[in-house]
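Asker: Below is the structure I would like to discuss, written out as structure tokens.
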Amino acid sequence: MADAAYTPAPKPEGATGVLVLSTGQVLWGRGFGAVGDAVGEVCFNTSMTGYQEVMTDPSYSGQIVTFTFPHIGNVGVNEEDLESKVDGAVGCVVREDVTLSSNFRSSEEFGDWLAEKGKIGLSGIDTRALTRMIRKAGAPNAVIAHDPEGDLDVAALLKKAQEWPGLEGMDLAKLVTRTADEEWAGSVWALGQGYGAGEGDARPHVVAIDYGAKDNIFRNLVKAGARVTVVPAETSLEKILELKPAGVFLSNGPGDPAATGVYAVPVIKALLEADMPIFGICLGH
């Protein structure tokens with residue numbers, strides 16, 4: 001932890017980005033994407049594909065994602081692979097510098113897209129060592145920062161990381177949930193076809209409570225044969241029952257489940273008492 005005698009790790013030549021952990025560890029690298037700094041909880045993701053989907057997944061809200069797969073950004077980004085219209089991860093940490101994209105579906109470079117979305121990237125980090133540290137000691141609070149001139153005040157960033165209260169007790173579902181009911185239309189994506197559609201209103205009706213779900217979950221419910229209505233996180237029991245669902249889906253989402261549970265648990269208990277079929281994942285489970 002920092003004190004009056006705290007001395008940060010010296011900045012190496014060419015460093016334009018940094019990850020400052022609340023524990024006092026300083027990881028220097030090369031910044032890309034948005035300029036500035038952002039505070040969040042450092043987590044990791046081991047996926048070999050789908051970095052754009054990860055960065056737009058609402059369940060990563062308030063987090064800085066460490067990608068263990070080294071080649072992030074090499075297929076660019078496109079409009080079809082977005083998983084939400086709300087904020088997901090605040091930044092990402094990667095091993096290798098992001099190269100120019102090479103994929104026929106790419107419509108924009110990953111770094112440019114991050115800058116447009118206000119998300120900060122940091123390359124040149126030993127991501128597997130960072131992942132190992134997270135697995136052993138837990139997910140730390142941190143600040144990720146990027147300045148093209150390398151003008152980075154580590155002491156100030158450390159103070160910001162240590163003053164951030166963290167995700168415990170934080171209800172982020174309210175920030176990322178839909179604000180109105182939505183009749184979900186799209187099924188899963190297929191090459192050359194785009195997103196499919198469901199087959200009529202005779203399908204079983206599933207009401208999906210959105211605590212911060214990525215869109216592909218709803219697409220897969222449609223693929224499985226359901227007609228899906230997505231409702232906001234704080235939807236009342238009465239409103240859900242008015243929709244006459246055959247079952248209720250409880251989505252994943254960010255933040256502290258205990259905070260979300262203040263309004264979610266009474267509704268779920270009442271649904272159980274009504275013998276309503278329920279399916280939940282992650283936070284919703």
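Identifiers in this document derive from the order of the structure tokens: chains are assigned A, B, ..., residues are numbered from 1 separately in each chain, and ligands are numbered from 1 in order of occurrence.
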For Asp275 (chain A), find every residue with an atom within 12 Å (counting only C-alpha atoms), except residues of its own chain fewer than 2 positions away, and show them as a list in words.

Answerer: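 Close residues of Asp275 (chain A): Leu241, Pro245, Ala246, Gly247, Val248, Ile268, Lys269, Ala270, Leu271, Leu272, Glu273, Pro277 and Ile278 of chain A.
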
Asker: For Pro140 (chain A), find every residue with an atom within 9 Å (counting only C-alpha atoms), except residues of its own chain fewer than 6 positions away, and show them as a list of chain:residue names.

Answerer: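 Final neighbour list, sorted by chain and number: A:Leu21, A:Ser22, A:Thr23, A:Gly40, A:Glu41, A:Val42, A:Cys43, A:Ile134, A:Gly166.
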
Asker: Here is a test: counting only C-alpha atoms, which residue of A:Glu163, A:Val94, A:Ala190, A:Asp153 is nearest to Pro10 (chain A)?

Answerer: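 Among the listed residues, the smallest separation from Pro10 (chain A) belongs to A:Asp153.
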
Asker: If we count only C-alpha atoms, what is near Arg227 (chain A) at a cut-off of 12 Å, once residues fewer than 5 positions away on the same chain are taken out, given as a ChimeraX atom specification?

Answerer: /A:182-187,197-208,218-222,243-249

Asker: Enumerate as an MDAnalysis selection string all residues of region 53-284 of chain A assigned to helix (DSSP H, G or I) by DSSP on the backbone, naming them with the chain letters and numbers the document uses.

Answerer: chainID A and resid 53:55 58:60 79:81 110:117 127:137 154:163 173:176 215:223 237:242 257:273 282:284

Asker: Would you mind telling me which residue in A:Glu13, A:Asp37, A:Glu234, A:Glu108 lies nearest to Lys174 (chain A) when using only C-alpha atoms?

Answerer: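 Comparing A:Glu13, A:Asp37, A:Glu234, A:Glu108 against Lys174 (chain A), the winner is A:Glu234.
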
Asker: Can you tell me, as a PyMOL selection string, which residues in region 70-220 of chain A count as strand (DSSP E or B) by DSSP?

Answerer: chain A and resi 77+91-93+108+120-123+141-146+182-184+186-190+194-197+205-210

Asker: Store the residues picked out above in a file with N, CA, C and O atoms, as a compact mmCIF listing (two decimals), in the first residue's frame.

Answerer:
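again35.txt, written as the output of this step:
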# COMPACT_ATOMS: atom_id res chain seq x y z
N VAL A 77 -13.15 -4.68 -35.82
CA VAL A 77 -14.49 -4.67 -35.22
C VAL A 77 -15.52 -4.43 -36.32
O VAL A 77 -15.19 -4.00 -37.42
N GLY A 91 -12.01 -0.69 -19.90
CA GLY A 91 -10.72 -0.78 -20.57
C GLY A 91 -10.27 -2.21 -20.69
O GLY A 91 -10.93 -3.13 -20.18
N CYS A 92 -9.14 -2.40 -21.37
CA CYS A 92 -8.61 -3.75 -21.53
C CYS A 92 -7.09 -3.74 -21.49
O CYS A 92 -6.44 -2.74 -21.84
N VAL A 93 -6.54 -4.87 -21.06
CA VAL A 93 -5.09 -5.07 -20.97
C VAL A 93 -4.73 -6.24 -21.87
O VAL A 93 -5.34 -7.31 -21.77
N GLU A 108 -13.69 -1.46 -38.99
CA GLU A 108 -12.96 -0.44 -38.24
C GLU A 108 -11.86 -1.11 -37.42
O GLU A 108 -11.97 -2.28 -37.05
N ILE A 120 -10.17 2.52 -22.70
CA ILE A 120 -8.71 2.61 -22.74
C ILE A 120 -8.10 1.23 -22.89
O ILE A 120 -8.52 0.28 -22.23
N GLY A 121 -7.11 1.13 -23.77
CA GLY A 121 -6.38 -0.11 -23.95
C GLY A 121 -4.93 0.04 -23.48
O GLY A 121 -4.36 1.13 -23.52
N LEU A 122 -4.33 -1.05 -23.05
CA LEU A 122 -2.93 -1.07 -22.60
C LEU A 122 -2.28 -2.34 -23.11
O LEU A 122 -2.72 -3.44 -22.77
N SER A 123 -1.24 -2.20 -23.92
CA SER A 123 -0.54 -3.37 -24.45
C SER A 123 0.86 -3.45 -23.84
O SER A 123 1.32 -2.54 -23.16
N ASN A 141 -8.75 -3.53 -7.36
CA ASN A 141 -9.15 -2.26 -7.94
C ASN A 141 -7.91 -1.64 -8.59
O ASN A 141 -6.78 -1.85 -8.14
N ALA A 142 -8.13 -0.88 -9.64
CA ALA A 142 -7.00 -0.31 -10.36
C ALA A 142 -7.46 0.86 -11.20
O ALA A 142 -8.66 1.07 -11.43
N VAL A 143 -6.48 1.63 -11.68
CA VAL A 143 -6.72 2.68 -12.68
C VAL A 143 -5.90 2.34 -13.91
O VAL A 143 -4.70 2.05 -13.81
N ILE A 144 -6.54 2.37 -15.06
CA ILE A 144 -5.84 2.21 -16.33
C ILE A 144 -5.78 3.59 -16.97
O ILE A 144 -6.76 4.34 -16.95
N ALA A 145 -4.59 3.96 -17.48
CA ALA A 145 -4.41 5.32 -17.99
C ALA A 145 -3.62 5.29 -19.29
O ALA A 145 -2.76 4.44 -19.50
N HIS A 146 -3.89 6.28 -20.15
CA HIS A 146 -3.21 6.41 -21.44
C HIS A 146 -3.00 7.88 -21.74
O HIS A 146 -3.93 8.68 -21.68
N GLU A 182 -39.03 -4.63 -24.27
CA GLU A 182 -38.62 -4.80 -25.66
C GLU A 182 -39.00 -6.19 -26.15
O GLU A 182 -38.62 -7.19 -25.55
N GLU A 183 -39.76 -6.23 -27.23
CA GLU A 183 -40.06 -7.50 -27.87
C GLU A 183 -38.85 -7.91 -28.69
O GLU A 183 -38.52 -7.27 -29.69
N TRP A 184 -38.15 -8.96 -28.25
CA TRP A 184 -36.90 -9.35 -28.89
C TRP A 184 -37.18 -10.11 -30.18
O TRP A 184 -37.99 -11.02 -30.21
N GLY A 186 -34.41 -10.91 -32.92
CA GLY A 186 -33.35 -11.61 -33.62
C GLY A 186 -32.94 -12.93 -33.01
O GLY A 186 -32.93 -13.10 -31.80
N SER A 187 -32.60 -13.87 -33.89
CA SER A 187 -32.00 -15.12 -33.47
C SER A 187 -30.49 -15.03 -33.71
O SER A 187 -29.95 -13.94 -33.91
N VAL A 188 -29.78 -16.16 -33.68
CA VAL A 188 -28.33 -16.13 -33.79
C VAL A 188 -27.88 -15.79 -35.20
O VAL A 188 -28.61 -15.93 -36.18
N TRP A 189 -26.62 -15.34 -35.29
CA TRP A 189 -26.04 -14.89 -36.56
C TRP A 189 -25.48 -16.06 -37.35
O TRP A 189 -24.95 -17.02 -36.79
N ALA A 190 -25.59 -15.97 -38.68
CA ALA A 190 -25.02 -16.97 -39.56
C ALA A 190 -24.33 -16.26 -40.73
O ALA A 190 -24.83 -15.24 -41.23
N GLY A 194 -26.77 -13.10 -41.76
CA GLY A 194 -27.03 -12.15 -40.68
C GLY A 194 -27.79 -12.81 -39.55
O GLY A 194 -27.70 -14.02 -39.35
N TYR A 195 -28.58 -12.02 -38.82
CA TYR A 195 -29.34 -12.55 -37.69
C TYR A 195 -30.66 -13.13 -38.16
O TYR A 195 -31.40 -12.50 -38.92
N GLY A 196 -30.98 -14.33 -37.68
CA GLY A 196 -32.22 -14.98 -38.03
C GLY A 196 -33.38 -14.40 -37.24
O GLY A 196 -33.23 -13.46 -36.44
N ALA A 197 -34.56 -14.98 -37.44
CA ALA A 197 -35.76 -14.51 -36.74
C ALA A 197 -36.54 -15.70 -36.21
O ALA A 197 -36.35 -16.84 -36.66
N HIS A 205 -43.80 -18.18 -24.52
CA HIS A 205 -43.40 -16.79 -24.22
C HIS A 205 -42.49 -16.76 -22.99
O HIS A 205 -42.89 -17.16 -21.90
N VAL A 206 -41.26 -16.30 -23.18
CA VAL A 206 -40.30 -16.14 -22.08
C VAL A 206 -40.13 -14.66 -21.78
O VAL A 206 -39.82 -13.87 -22.68
N VAL A 207 -40.31 -14.28 -20.53
CA VAL A 207 -40.00 -12.92 -20.09
C VAL A 207 -38.60 -12.94 -19.51
O VAL A 207 -38.31 -13.67 -18.56
N ALA A 208 -37.72 -12.15 -20.11
CA ALA A 208 -36.32 -12.09 -19.68
C ALA A 208 -36.09 -10.81 -18.90
O ALA A 208 -36.27 -9.71 -19.43
N ILE A 209 -35.72 -10.96 -17.63
CA ILE A 209 -35.42 -9.79 -16.80
C ILE A 209 -33.96 -9.41 -17.04
O ILE A 209 -33.05 -10.21 -16.82
N ASP A 210 -33.75 -8.19 -17.50
CA ASP A 210 -32.43 -7.74 -17.93
C ASP A 210 -31.69 -7.05 -16.79
O ASP A 210 -31.91 -5.88 -16.50

Asker: Neighbours of Gly261 (chain A) within 12 Å (only C-alpha atoms; same-chain residues fewer than 2 positions away dropped), as a ChimeraX atom specification?

Answerer: /A:169-174,211,233-234,250,253,255-259,263-269,283-285

Asker: Generate a file of the selected residues that holds C-alpha atoms, formatted as an mmCIF file, in the first residue's frame.

Answerer:
data_model
loop_
_atom_site.group_PDB
_atom_site.id
_atom_site.type_symbol
_atom_site.label_atom_id
_atom_site.label_comp_id
_atom_site.auth_asym_id
_atom_site.auth_seq_id
_atom_site.Cartn_x
_atom_site.Cartn_y
_atom_site.Cartn_z
ATOM 1 C CA GLY A 169 -22.321 -3.137 -2.562
ATOM 2 C CA MET A 170 -22.554 -1.449 -5.979
ATOM 3 C CA ASP A 171 -25.760 -1.896 -7.972
ATOM 4 C CA LEU A 172 -24.667 -1.575 -11.608
ATOM 5 C CA ALA A 173 -27.680 -3.423 -12.989
ATOM 6 C CA LYS A 174 -29.703 -0.210 -12.734
ATOM 7 C CA TYR A 211 -29.909 -7.206 -15.132
ATOM 8 C CA ALA A 233 -34.358 -5.013 -13.919
ATOM 9 C CA GLU A 234 -36.867 -3.387 -11.556
ATOM 10 C CA LEU A 250 -33.065 -14.074 -14.961
ATOM 11 C CA GLY A 253 -25.212 -8.686 -14.973
ATOM 12 C CA GLY A 255 -21.934 -5.378 -9.776
ATOM 13 C CA ASP A 256 -22.853 -6.875 -6.437
ATOM 14 C CA PRO A 257 -25.694 -9.455 -6.504
ATOM 15 C CA ALA A 258 -26.658 -8.454 -2.966
ATOM 16 C CA ALA A 259 -27.343 -4.880 -4.101
ATOM 17 C CA TYR A 263 -35.518 -5.410 -5.582
ATOM 18 C CA ALA A 264 -34.903 -8.685 -7.461
ATOM 19 C CA VAL A 265 -35.246 -11.233 -4.652
ATOM 20 C CA PRO A 266 -38.839 -10.352 -3.596
ATOM 21 C CA VAL A 267 -39.991 -10.679 -7.222
ATOM 22 C CA ILE A 268 -38.157 -13.990 -7.677
ATOM 23 C CA LYS A 269 -39.573 -15.394 -4.434
ATOM 24 C CA LEU A 283 -25.893 -13.016 -11.391
ATOM 25 C CA GLY A 284 -29.427 -14.243 -12.169
ATOM 26 C CA HIS A 285 -28.611 -17.658 -10.705
#

Asker: Would you pick out the contacts of region 44-46 of chain A at 12 Å or less, using only C-alpha atoms, so that residues sharing its chain but fewer than 6 positions from it are not included, and give the list as a ChimeraX atom specification?

Answerer: /A:53-55,60,63-72,89,91-94,127-135,138-140
